[in-house]
Each structure stands twice: as structure tokens, then as C-alpha cells.
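Q: Okay, here's the structure, questions in a sec.
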Amino acid sequence: MSDWVEACAAEDIDEEDVMRFDHAGRTYAIYRSPDDEYFATDGLCSHEKVHLADGLVMDDIIECPKHNGRFNYKTGDARGAPVCVNLKTYPVKVDAGKVLIQLG
Amino acid sequence: MVIIGAGECGGRAALTLRDLGFEGPVTLVGDEPHLPYERPPLSKEAMTSEAPFIKAIASDELLAERSIRHIHSLRVVAIDRVAHIVSLSDGSSLAYDKLLLATGSVPRKLPMPGLGGRCVYLRTFNDALAIRAHLSAGNRVAIIGGGFIGLELAASARKLGAAVTVIEAQPRILMRGVPAEIAEIIHKAHEAESVRVLTGQGIASIADDGAEVRITLADGQQVVADLAVIGIGAVPVTTLAAEAGLAIDNGIAVDGHLRTEDPDIFAAGDCCSFPLAIYGGRRVRLEAWRNAQEQGALAARNMLGADEAHAAVPWFWSDQYGLTLQIAGLSDEGKSIVRRDLDDGAFILFHLAEDGRLVAASGIGPGNAVARDIRLAEMLIAKRARPAPEALGSQAVKLKSLLAA
């Protein structure tokens with residue numbers, strides 16, 4: 001249950017950006033923060049099941065592309081209407097230029 | 001605090017009052033029997049999902065937990081501004097210190113004789129249920145009006161297998177607020193899904209015998225349908241405000257803080273017209289989900305004394321088939337257009353004013369292909385930025401980099 005899964009290469013994601021990662025029938029979003037750290041959350045917005053990876057990253061916030069619901073992608077906290085359910089987050093590490101995410 | 005209208009705007013206002021720590025009584029009055037709910041799904045998911053569902057803004061539990069009293073199925077019939085009392089349709093009354101009018105809008109009626117039970121409008125969940133019952137495979141649906149509600153309904157009806165004809169009096173669909181280049185993409189998408197789209201077609205007469213609607217067009221052509229849905233725009237609900245002596249100007253007239261001329265009465269959402277600071281105070285009325293939400297929250301803050309002006313850039317979206325359209329700003333403020341092509345056939349039109357200021361951005365593409373760039377454009381519009389047209393037009397230049405400039 002604590003397997004680390006390779007999601008992408010570290011350089012695949014620009015700073016202050018996000019990328020979609022699908023694995024075993026589920027979808028995740030991988031983030032690279034402006035200070036060059038990596039994070040991962042569930043990939044779908046808790047409001048209407050929209051892919052967050054199509055949204056905009058500003059500082060430590062990911063904004064849903066559909067209705068502008070906002071989450072702190074580092075903690076998963078919902079940041080105001082219309083979202084009220086937090087996002088699940090996953091541990092991430094970078095190893096030899098690869099971004100690994102711990103699922104389960 | 002009393003809020004008249006329990007839609008997106010009123011519901012959001014009530015929740016915001018509590019978010020801000022207001023502890024006095026909050027009463028939300030709505031004339032529908034349902035919990036406050038989101039209307040955007042009514043033309044889409046509420047039609048096509050396996051079972052119709054209401055997307056509630058707040059559950060009964062949440063309303064109880066936040067001590068929000070929700071009075072449903074009743075109308076406010078009068079406002080006594082001197083006594084600070086509103087009267088309800090069951091004869092009861094409510095006292096208020098601050099009052100918010102979030103009365104919304106209702107479908108514009110087609111001013112023609114001959115309309116019967118098979119000619120309907122879409123505004124409420126109950127309207128949606130009535131329409132849904134007729135959208136099955138093999139049924140014929142006529143949509144009068146090629147605006148967003150009509151076109152989204154057309155897409156939903158096709159998904160369910162109904163035969164659909166859209167009748168638009170203007171020379172093209174989506175005349176209001178949508179650039180021709182984008183309307184063209186949507187027009188073609190509908191034709192590709194076998195929707196008959198008739199533009200530049202006035203209606204000469206309608207005959208509805210309760211089982212079937214026969215629509216005769218100006219050129220003599222006839223469209224026969226099991227159901228006709230009329231989607232020709234919306235009008236603000238202002239009667240209550242007008243009877244209370246408040247100024248009406250294409251909606252309940254409010255200032256940039258959403259205040260009417262009565263310091264204790266605010267108005268927000270579809271029902272009000274307000275000055276938009278980013279367009280030099282141009283008075284507008286918006287019929288959009290996000291505006292309802294933002295203004296509901298802003299009105300709540302100002303009812304508690306925040307003294308905050310509306311600063312948001314207008315924004316809306318529409319989903320039809322696999323396409324999503326998003327528009328930020330008012331495109332009719334633009335004098336020239338710069339096109340930016342994105343992946344998968346998606347593109348954005350940037351609308352620039354004479355002085356080079358970015359005033360609007362209109363995008364269309366599959367899924368959420370344009371969402372991120374439209375959001376960035378919205379921020380550029382809010383900043384009154386004058387980005388170089390070459391930079392806007394080149395996919396190689398990130399819009400985010402223009403924001404930092």
C-alpha cells in the first residue's frame with residue numbers, strides 16, 4: 001500500500017504549474033511550486049469532478065478550470081465557494097530526476 | 001438580515017453572512033419548494049443524467065447548523081421601507097435591519113398568441129423536470145432562440161435522441177456577447193450532431209393544440225414539434241423593488257457597492273444593474289452564475305459594513321457536446337481582435353480597445369482547453385493591461401509571463 005509510483009520526469013512540469021497523472025484507474029494532479037517543490041493531490045475537483053490539471057496554479061493555490069474553486073495544493077484545503085470539500089494529498093519525492101508519488 | 005430570493009446569489013449571501021461571523025437572525029425567502037440550488041445544470045446534467053437531481057448550494061443540515069432560516073414556497077409581496085418590514089404571500093411578515101434583493105430573472109415571454117401547454121420555458125428545476133419528460137428518443141423538440149439556454153438544451157436533447165430544430169430570428173446564433181468566429185464553431189457542432197439550425201427566421205405564428213406545436217416561420221416553412229422550448233432571454237424581477245419606490249434601470253439600480261438608494265436595501269445578481277468600474281462605470285446587468293455568486297458574497301460583506309466596491313471581471317461559460325466556451329470581459333468593448341491558437345483546435349480571441357488595453361477574451365475548445373488562458377486573460381483585464389498583440393497571438397509566449405510584466 002505504500003508503493004512509490006513514478007509519475008513523470010521532474011522537468012516535465014514547469015515551475016508554478018500542474019500536470020495530470022493517471023494511474024490504476026484513478027487520476028491525480030502533480031504540482032511544482034514556485035519554490036521548486038513537488039506536490040500531489042487527487043486529480044478531480046471536489047465540486048464537479050473536473051480535472052484540476054487544466055486549472056491555473058498561482059503560488060500555492062490550484063484553481064479549478066470550471067468554476068474557479070480554489071484549493072491549497074500543498075495541504076488540500078478548500079479555499080472558499082463553490083468548493084467546501086478538501087482534496088486528498090499524497091506524499092511526493094524527487095529521485096534521480098523522477099517525480100514519485102506515494103499512493104494508497 | 002432578510003434575503004429575498006433563494007437562488008445562487010441569495011444562498012451565497014446567507015452563507016457569507018455567517019462566514020463573516022454575523023450572529024443575528026438570517027432569513028432567506030424563496031418562492032420555490034426546493035433548497036437553494038445551482039441553475040447551470042438545469043439545461044445539461046439535469047436533463048441527461050440517469051435520474052434528475054438538484055445540485056443544492058446548502059443542505060438542510062448546513063442551513064440548520066449555520067442558523068439560516070429558509071422560508072420556501074412563499075413570495076414576498078411588499079416591502080415597507082419605513083417600518084423595515086416585508087410581507088409574505090401567506091400573510092406573515094418579517095422585520096429587517098438590512099435587506100438584500102436577490103430576486104433573479106425570469107424567462108422573457110414570447111409575445112405571441114397561440115402558445116399552449118406544449119410551449120414551455122426553462123428557469124427552475126420544476127421547469128427542467130417538465131422538459132425532460134419530453135426529450136426522449138424519437139420526440140421532436142423545437143427550440144425558439146439560439147442563445148445559451150436553447151443551445152445547451154439542444155445538445156442535451158440530441159444526447160437523449162430527440163430530433164431538434166433551433167429557430168433563431170437573428171442572422172446568426174449567439175448574437176449577444178459572442179464573437180461570430182466562435183458562434184460559427186458552435187453552429188457547426190450542432191449541425192454535425194444533426195440539429196437543424198434555422199437562423200434569420202422570424203416566427204409568423206404558433207399553433208399549440210396541447211399535443212403538438214405547429215410553428216410557421218416568416219418564409220412559410222413549418223416546424224412541427226412535440227415540445228417547443230422558448231429561450232429568448234431573461235428579464236430581471238423588479239416588481240417588488242419598483243413598488244417599494246426603488247429606481248429601476250434595466251434591473252434594480254444599485255451603485256458599485258450594490259446599494260440601492262435606500263441605505264438599508266441592497267440588490268445583487270441577475271436582478272440588478274450596476275456600474276462596472278473596469279469599463280469606466282458602464283452600467284450592466286449580468287445573468288451569470290459566477291456573478292450571482294460573487295455579488296451575493298459582496299452584498300453580504302457590505303450589509304455588514306465592508307464598504308467594498310464590485311471589482312470582478314464578468315465571466316461565463318457554456319458547455320455543448322464536448323465543447324466549452326468561456327468568455328471573460330465584455331467583448332463589445334473591443335475594437336480589434338488578436339487570435340491565439342491552442343492545441344486540439346482550441347483558440348482564444350483577445351479583444352483590444354483602441355488604446356491597446358485588453359478588454360475581453362473569448363475562447364472555445366474541447367473540454368477545459370481554454371480555461372487556464374481565459375483565467376489569466378481575466379487577470380490581465382482586471383489589471384487594465386496593454387499586452388503586446390504579438391505576445392497574445394503566440395502560443396510560445398506564456399500568458400502568465402505577461403501578467404508579471
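Residue names in the C-alpha cells use chain letters A, B, ... in the order shown, residue numbers from 1 in each chain, and ligand numbers from 1 in the order shown.
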DSSP on the backbone: which residues in chain A end up as strand (DSSP E)? Give the answer as a PyMOL selection string.

A: chain A and resi 4-9+17-23+26-32+38-42+56-58+61-63+70-72+89-90+92-95+98-102

Q: If we count only C-alpha atoms, which residues of chain A reach to within 7 Å of chain B? Please list them as a PyMOL selection string.

A: chain A and resi 54-56+65

Q: Mind dumping the selected residues with N, CA and C atoms as an mmCIF file, in the first residue's frame?

A:
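Writing done, so here's out-v7.cif:
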```
data_model
loop_
_atom_site.group_PDB
_atom_site.id
_atom_site.type_symbol
_atom_site.label_atom_id
_atom_site.label_comp_id
_atom_site.auth_asym_id
_atom_site.auth_seq_id
_atom_site.Cartn_x
_atom_site.Cartn_y
_atom_site.Cartn_z
ATOM 1 N N ASP A 54 -6.166 21.042 -15.657
ATOM 2 C CA ASP A 54 -6.466 22.078 -16.656
ATOM 3 C C ASP A 54 -6.574 23.461 -16.016
ATOM 4 N N GLY A 55 -6.402 23.510 -14.712
ATOM 5 C CA GLY A 55 -6.570 24.777 -13.994
ATOM 6 C C GLY A 55 -5.271 25.556 -13.874
ATOM 7 N N LEU A 56 -5.368 26.656 -13.156
ATOM 8 C CA LEU A 56 -4.248 27.590 -13.048
ATOM 9 C C LEU A 56 -3.613 27.487 -11.663
ATOM 10 N N PRO A 65 -10.567 24.742 -13.301
ATOM 11 C CA PRO A 65 -10.792 25.422 -14.577
ATOM 12 C C PRO A 65 -12.255 25.724 -14.855
#
```

Q: Looking at B:Asp355, B:Asp270, B:Asp31, B:Glu261, which one is nearest to Glu8 in chain B, with distances taken over only C-alpha atoms?

A: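 Smallest distance to Glu8 in chain B is found for B:Asp270.
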
Q: List as number ranges by chain the protein and nucleic acid residues near range 118-121 of chain B, meaning an atom at most 10 Å away when only C-alpha atoms are counted, but skip any in the same chain fewer than 5 places from it.

A: B: 106-110, 127-128, 130-131, 134, 142-144, 149-150, 206-213, 225-232

Q: Restricted to N, CA and C atoms, what would the selected residues look like written as a PDB file, in the first residue's frame?

A:
```pdb
ATOM      1  N   VAL B 106     -36.443  36.138 -14.846  1.00  0.00           N
ATOM      2  CA  VAL B 106     -37.365  35.112 -15.355  1.00  0.00           C
ATOM      3  C   VAL B 106     -37.282  35.122 -16.880  1.00  0.00           C
ATOM      4  N   PRO B 107     -37.641  34.011 -17.520  1.00  0.00           N
ATOM      5  CA  PRO B 107     -37.553  33.966 -18.978  1.00  0.00           C
ATOM      6  C   PRO B 107     -38.417  35.050 -19.621  1.00  0.00           C
ATOM      7  N   ARG B 108     -37.864  35.658 -20.659  1.00  0.00           N
ATOM      8  CA  ARG B 108     -38.633  36.626 -21.435  1.00  0.00           C
ATOM      9  C   ARG B 108     -39.747  35.877 -22.167  1.00  0.00           C
ATOM     10  N   LYS B 109     -40.959  36.396 -22.065  1.00  0.00           N
ATOM     11  CA  LYS B 109     -42.097  35.707 -22.707  1.00  0.00           C
ATOM     12  C   LYS B 109     -42.119  36.011 -24.200  1.00  0.00           C
ATOM     13  N   LEU B 110     -42.476  35.034 -24.958  1.00  0.00           N
ATOM     14  CA  LEU B 110     -42.650  35.244 -26.398  1.00  0.00           C
ATOM     15  C   LEU B 110     -44.007  35.917 -26.580  1.00  0.00           C
ATOM     16  N   ASP B 127     -39.339  23.355 -13.990  1.00  0.00           N
ATOM     17  CA  ASP B 127     -39.383  23.532 -15.449  1.00  0.00           C
ATOM     18  C   ASP B 127     -38.548  22.440 -16.123  1.00  0.00           C
ATOM     19  N   ALA B 128     -37.358  22.195 -15.549  1.00  0.00           N
ATOM     20  CA  ALA B 128     -36.446  21.208 -16.129  1.00  0.00           C
ATOM     21  C   ALA B 128     -37.086  19.821 -16.148  1.00  0.00           C
ATOM     22  N   ALA B 130     -40.246  19.128 -16.300  1.00  0.00           N
ATOM     23  CA  ALA B 130     -41.311  19.100 -17.305  1.00  0.00           C
ATOM     24  C   ALA B 130     -40.718  18.934 -18.707  1.00  0.00           C
ATOM     25  N   ILE B 131     -39.601  19.598 -18.970  1.00  0.00           N
ATOM     26  CA  ILE B 131     -38.973  19.494 -20.288  1.00  0.00           C
ATOM     27  C   ILE B 131     -38.371  18.107 -20.486  1.00  0.00           C
ATOM     28  N   HIS B 134     -40.085  15.211 -22.036  1.00  0.00           N
ATOM     29  CA  HIS B 134     -40.358  15.187 -23.478  1.00  0.00           C
ATOM     30  C   HIS B 134     -39.126  14.961 -24.338  1.00  0.00           C
ATOM     31  N   ALA B 142     -38.604  21.661 -30.652  1.00  0.00           N
ATOM     32  CA  ALA B 142     -38.263  22.929 -31.292  1.00  0.00           C
ATOM     33  C   ALA B 142     -37.736  23.863 -30.217  1.00  0.00           C
ATOM     34  N   ILE B 143     -36.589  24.460 -30.500  1.00  0.00           N
ATOM     35  CA  ILE B 143     -36.018  25.419 -29.561  1.00  0.00           C
ATOM     36  C   ILE B 143     -36.152  26.786 -30.199  1.00  0.00           C
ATOM     37  N   ILE B 144     -36.869  27.670 -29.551  1.00  0.00           N
ATOM     38  CA  ILE B 144     -37.048  29.014 -30.085  1.00  0.00           C
ATOM     39  C   ILE B 144     -36.047  29.931 -29.390  1.00  0.00           C
ATOM     40  N   ILE B 149     -29.153  29.025 -23.300  1.00  0.00           N
ATOM     41  CA  ILE B 149     -30.089  28.041 -22.738  1.00  0.00           C
ATOM     42  C   ILE B 149     -30.610  27.134 -23.839  1.00  0.00           C
ATOM     43  N   GLY B 150     -31.015  27.738 -24.955  1.00  0.00           N
ATOM     44  CA  GLY B 150     -31.576  26.966 -26.051  1.00  0.00           C
ATOM     45  C   GLY B 150     -30.564  25.996 -26.638  1.00  0.00           C
ATOM     46  N   ILE B 206     -47.857  30.556 -34.186  1.00  0.00           N
ATOM     47  CA  ILE B 206     -47.696  29.302 -33.458  1.00  0.00           C
ATOM     48  C   ILE B 206     -49.075  28.742 -33.149  1.00  0.00           C
ATOM     49  N   ALA B 207     -49.243  27.457 -33.391  1.00  0.00           N
ATOM     50  CA  ALA B 207     -50.497  26.790 -33.017  1.00  0.00           C
ATOM     51  C   ALA B 207     -50.138  25.605 -32.133  1.00  0.00           C
ATOM     52  N   ASP B 208     -50.667  25.612 -30.916  1.00  0.00           N
ATOM     53  CA  ASP B 208     -50.354  24.568 -29.935  1.00  0.00           C
ATOM     54  C   ASP B 208     -51.678  23.938 -29.505  1.00  0.00           C
ATOM     55  N   ASP B 209     -51.894  22.688 -29.905  1.00  0.00           N
ATOM     56  CA  ASP B 209     -53.177  22.066 -29.566  1.00  0.00           C
ATOM     57  C   ASP B 209     -53.082  21.213 -28.296  1.00  0.00           C
ATOM     58  N   GLY B 210     -51.966  21.344 -27.578  1.00  0.00           N
ATOM     59  CA  GLY B 210     -51.814  20.589 -26.338  1.00  0.00           C
ATOM     60  C   GLY B 210     -51.133  19.250 -26.545  1.00  0.00           C
ATOM     61  N   ALA B 211     -51.032  18.805 -27.794  1.00  0.00           N
ATOM     62  CA  ALA B 211     -50.349  17.553 -28.094  1.00  0.00           C
ATOM     63  C   ALA B 211     -49.158  17.807 -28.998  1.00  0.00           C
ATOM     64  N   GLU B 212     -49.246  18.879 -29.745  1.00  0.00           N
ATOM     65  CA  GLU B 212     -48.274  19.152 -30.789  1.00  0.00           C
ATOM     66  C   GLU B 212     -48.237  20.670 -31.029  1.00  0.00           C
ATOM     67  N   VAL B 213     -47.040  21.155 -31.372  1.00  0.00           N
ATOM     68  CA  VAL B 213     -46.893  22.584 -31.659  1.00  0.00           C
ATOM     69  C   VAL B 213     -46.543  22.737 -33.135  1.00  0.00           C
ATOM     70  N   ALA B 225     -43.488  20.113 -33.726  1.00  0.00           N
ATOM     71  CA  ALA B 225     -42.742  19.517 -32.612  1.00  0.00           C
ATOM     72  C   ALA B 225     -43.675  19.032 -31.507  1.00  0.00           C
ATOM     73  N   ASP B 226     -43.153  18.072 -30.726  1.00  0.00           N
ATOM     74  CA  ASP B 226     -43.904  17.608 -29.565  1.00  0.00           C
ATOM     75  C   ASP B 226     -43.767  18.595 -28.408  1.00  0.00           C
ATOM     76  N   LEU B 227     -42.677  19.359 -28.458  1.00  0.00           N
ATOM     77  CA  LEU B 227     -42.437  20.346 -27.406  1.00  0.00           C
ATOM     78  C   LEU B 227     -41.680  21.526 -28.007  1.00  0.00           C
ATOM     79  N   ALA B 228     -42.082  22.729 -27.635  1.00  0.00           N
ATOM     80  CA  ALA B 228     -41.325  23.922 -28.025  1.00  0.00           C
ATOM     81  C   ALA B 228     -40.794  24.568 -26.757  1.00  0.00           C
ATOM     82  N   VAL B 229     -39.474  24.750 -26.710  1.00  0.00           N
ATOM     83  CA  VAL B 229     -38.884  25.430 -25.559  1.00  0.00           C
ATOM     84  C   VAL B 229     -38.468  26.824 -26.019  1.00  0.00           C
ATOM     85  N   ILE B 230     -38.933  27.818 -25.285  1.00  0.00           N
ATOM     86  CA  ILE B 230     -38.656  29.200 -25.651  1.00  0.00           C
ATOM     87  C   ILE B 230     -37.517  29.727 -24.787  1.00  0.00           C
ATOM     88  N   GLY B 231     -36.437  30.095 -25.453  1.00  0.00           N
ATOM     89  CA  GLY B 231     -35.279  30.625 -24.726  1.00  0.00           C
ATOM     90  C   GLY B 231     -34.810  31.898 -25.412  1.00  0.00           C
ATOM     91  N   ILE B 232     -35.527  32.979 -25.187  1.00  0.00           N
ATOM     92  CA  ILE B 232     -35.228  34.231 -25.889  1.00  0.00           C
ATOM     93  C   ILE B 232     -34.758  35.311 -24.922  1.00  0.00           C
TER      94      ILE B 232
END
```

Q: Enumerate as a PDB file with C-alpha atoms, in the first residue's frame all residues of chain A assigned to helix (DSSP H, G or I) by DSSP on the backbone, naming them with the chain letters and numbers the document uses.

A:
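To be explicit, this is the file written out as out28.pdb:
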```pdb
ATOM      1  CA  ALA A  10      10.819  16.455 -12.767  1.00  0.00           C
ATOM      2  CA  GLU A  11      11.419  18.661 -15.781  1.00  0.00           C
ATOM      3  CA  ASP A  12       8.074  17.723 -17.348  1.00  0.00           C
ATOM      4  CA  LEU A  52      -7.684  20.210 -11.878  1.00  0.00           C
ATOM      5  CA  ALA A  53      -4.657  19.824 -14.142  1.00  0.00           C
ATOM      6  CA  ASP A  54      -6.466  22.078 -16.656  1.00  0.00           C
TER       7      ASP A  54
END
```

Q: Do a neighbour search on range 89-92 of chain A at 9 Å with only C-alpha atoms, toss out local chain neighbours closer than 3 positions, and write the hits as a list in words.

A: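 Here the answer would be Trp4, Ile30, Tyr38, Phe39, Ala40, Thr41, Asp42, Tyr73, Lys74, Thr75, Gly76, Val99, Leu100, Ile101, Gln102, Leu103 and Gly104 of chain A.
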
Q: Can you tell me, as a list in words, what residues are no more than 7 Å from Ser73 in chain B when counting only C-alpha atoms, ignoring any on the same chain fewer than 3 positions away?

A: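 Here the answer would be Gly30, Asp31, Glu32 and Pro33 of chain B.
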
Q: Might you pull out every residue within 8 Å of Glu15 in chain A, with only C-alpha atoms counted and same-chain residues fewer than 4 positions away left off, and present them as a PyMOL selection string?

A: chain A and resi 32-36

Q: How would the residues just picked look written out with N, CA, C and O atoms as a compact mmCIF listing (two decimals), in the first residue's frame?

A:
```txt
# COMPACT_ATOMS: atom_id res chain seq x y z
N ARG A 32 4.25 21.58 -9.32
CA ARG A 32 5.60 22.08 -9.00
C ARG A 32 5.40 23.52 -8.53
O ARG A 32 4.85 24.35 -9.26
N SER A 33 5.79 23.80 -7.33
CA SER A 33 5.53 25.11 -6.73
C SER A 33 6.55 26.14 -7.24
O SER A 33 7.58 25.76 -7.80
N PRO A 34 6.27 27.44 -7.03
CA PRO A 34 7.22 28.47 -7.47
C PRO A 34 8.59 28.30 -6.80
O PRO A 34 9.59 28.72 -7.36
N ASP A 35 8.63 27.71 -5.60
CA ASP A 35 9.93 27.50 -4.94
C ASP A 35 10.47 26.10 -5.21
O ASP A 35 11.29 25.56 -4.46
N ASP A 36 9.99 25.51 -6.32
CA ASP A 36 10.56 24.28 -6.87
C ASP A 36 10.39 23.05 -5.98
O ASP A 36 11.25 22.19 -5.92
```

Q: Which residues come within 7 Å of Asp77 in chain A, counting only C-alpha atoms, excluding same-chain residues fewer than 2 positions away, as a list of chain:residue names?

A: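 The residues satisfying every condition are A:Phe71, A:Asn72, A:Thr75, A:Arg79, A:Asn86, A:Leu87.
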
Q: For the atom pair CA of Met175 in chain B and CA of Met112 in chain B, what is the interatomic distance in Å to one decimal place?

A: 22.0 Å

Q: Quick check, in Å to one decimal: how far apart do CA of Val223 in chain B and CA of Ala189 in chain B lie?

A: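 Pair CA of Val223 in chain B / CA of Ala189 in chain B returns 21.2 Å.
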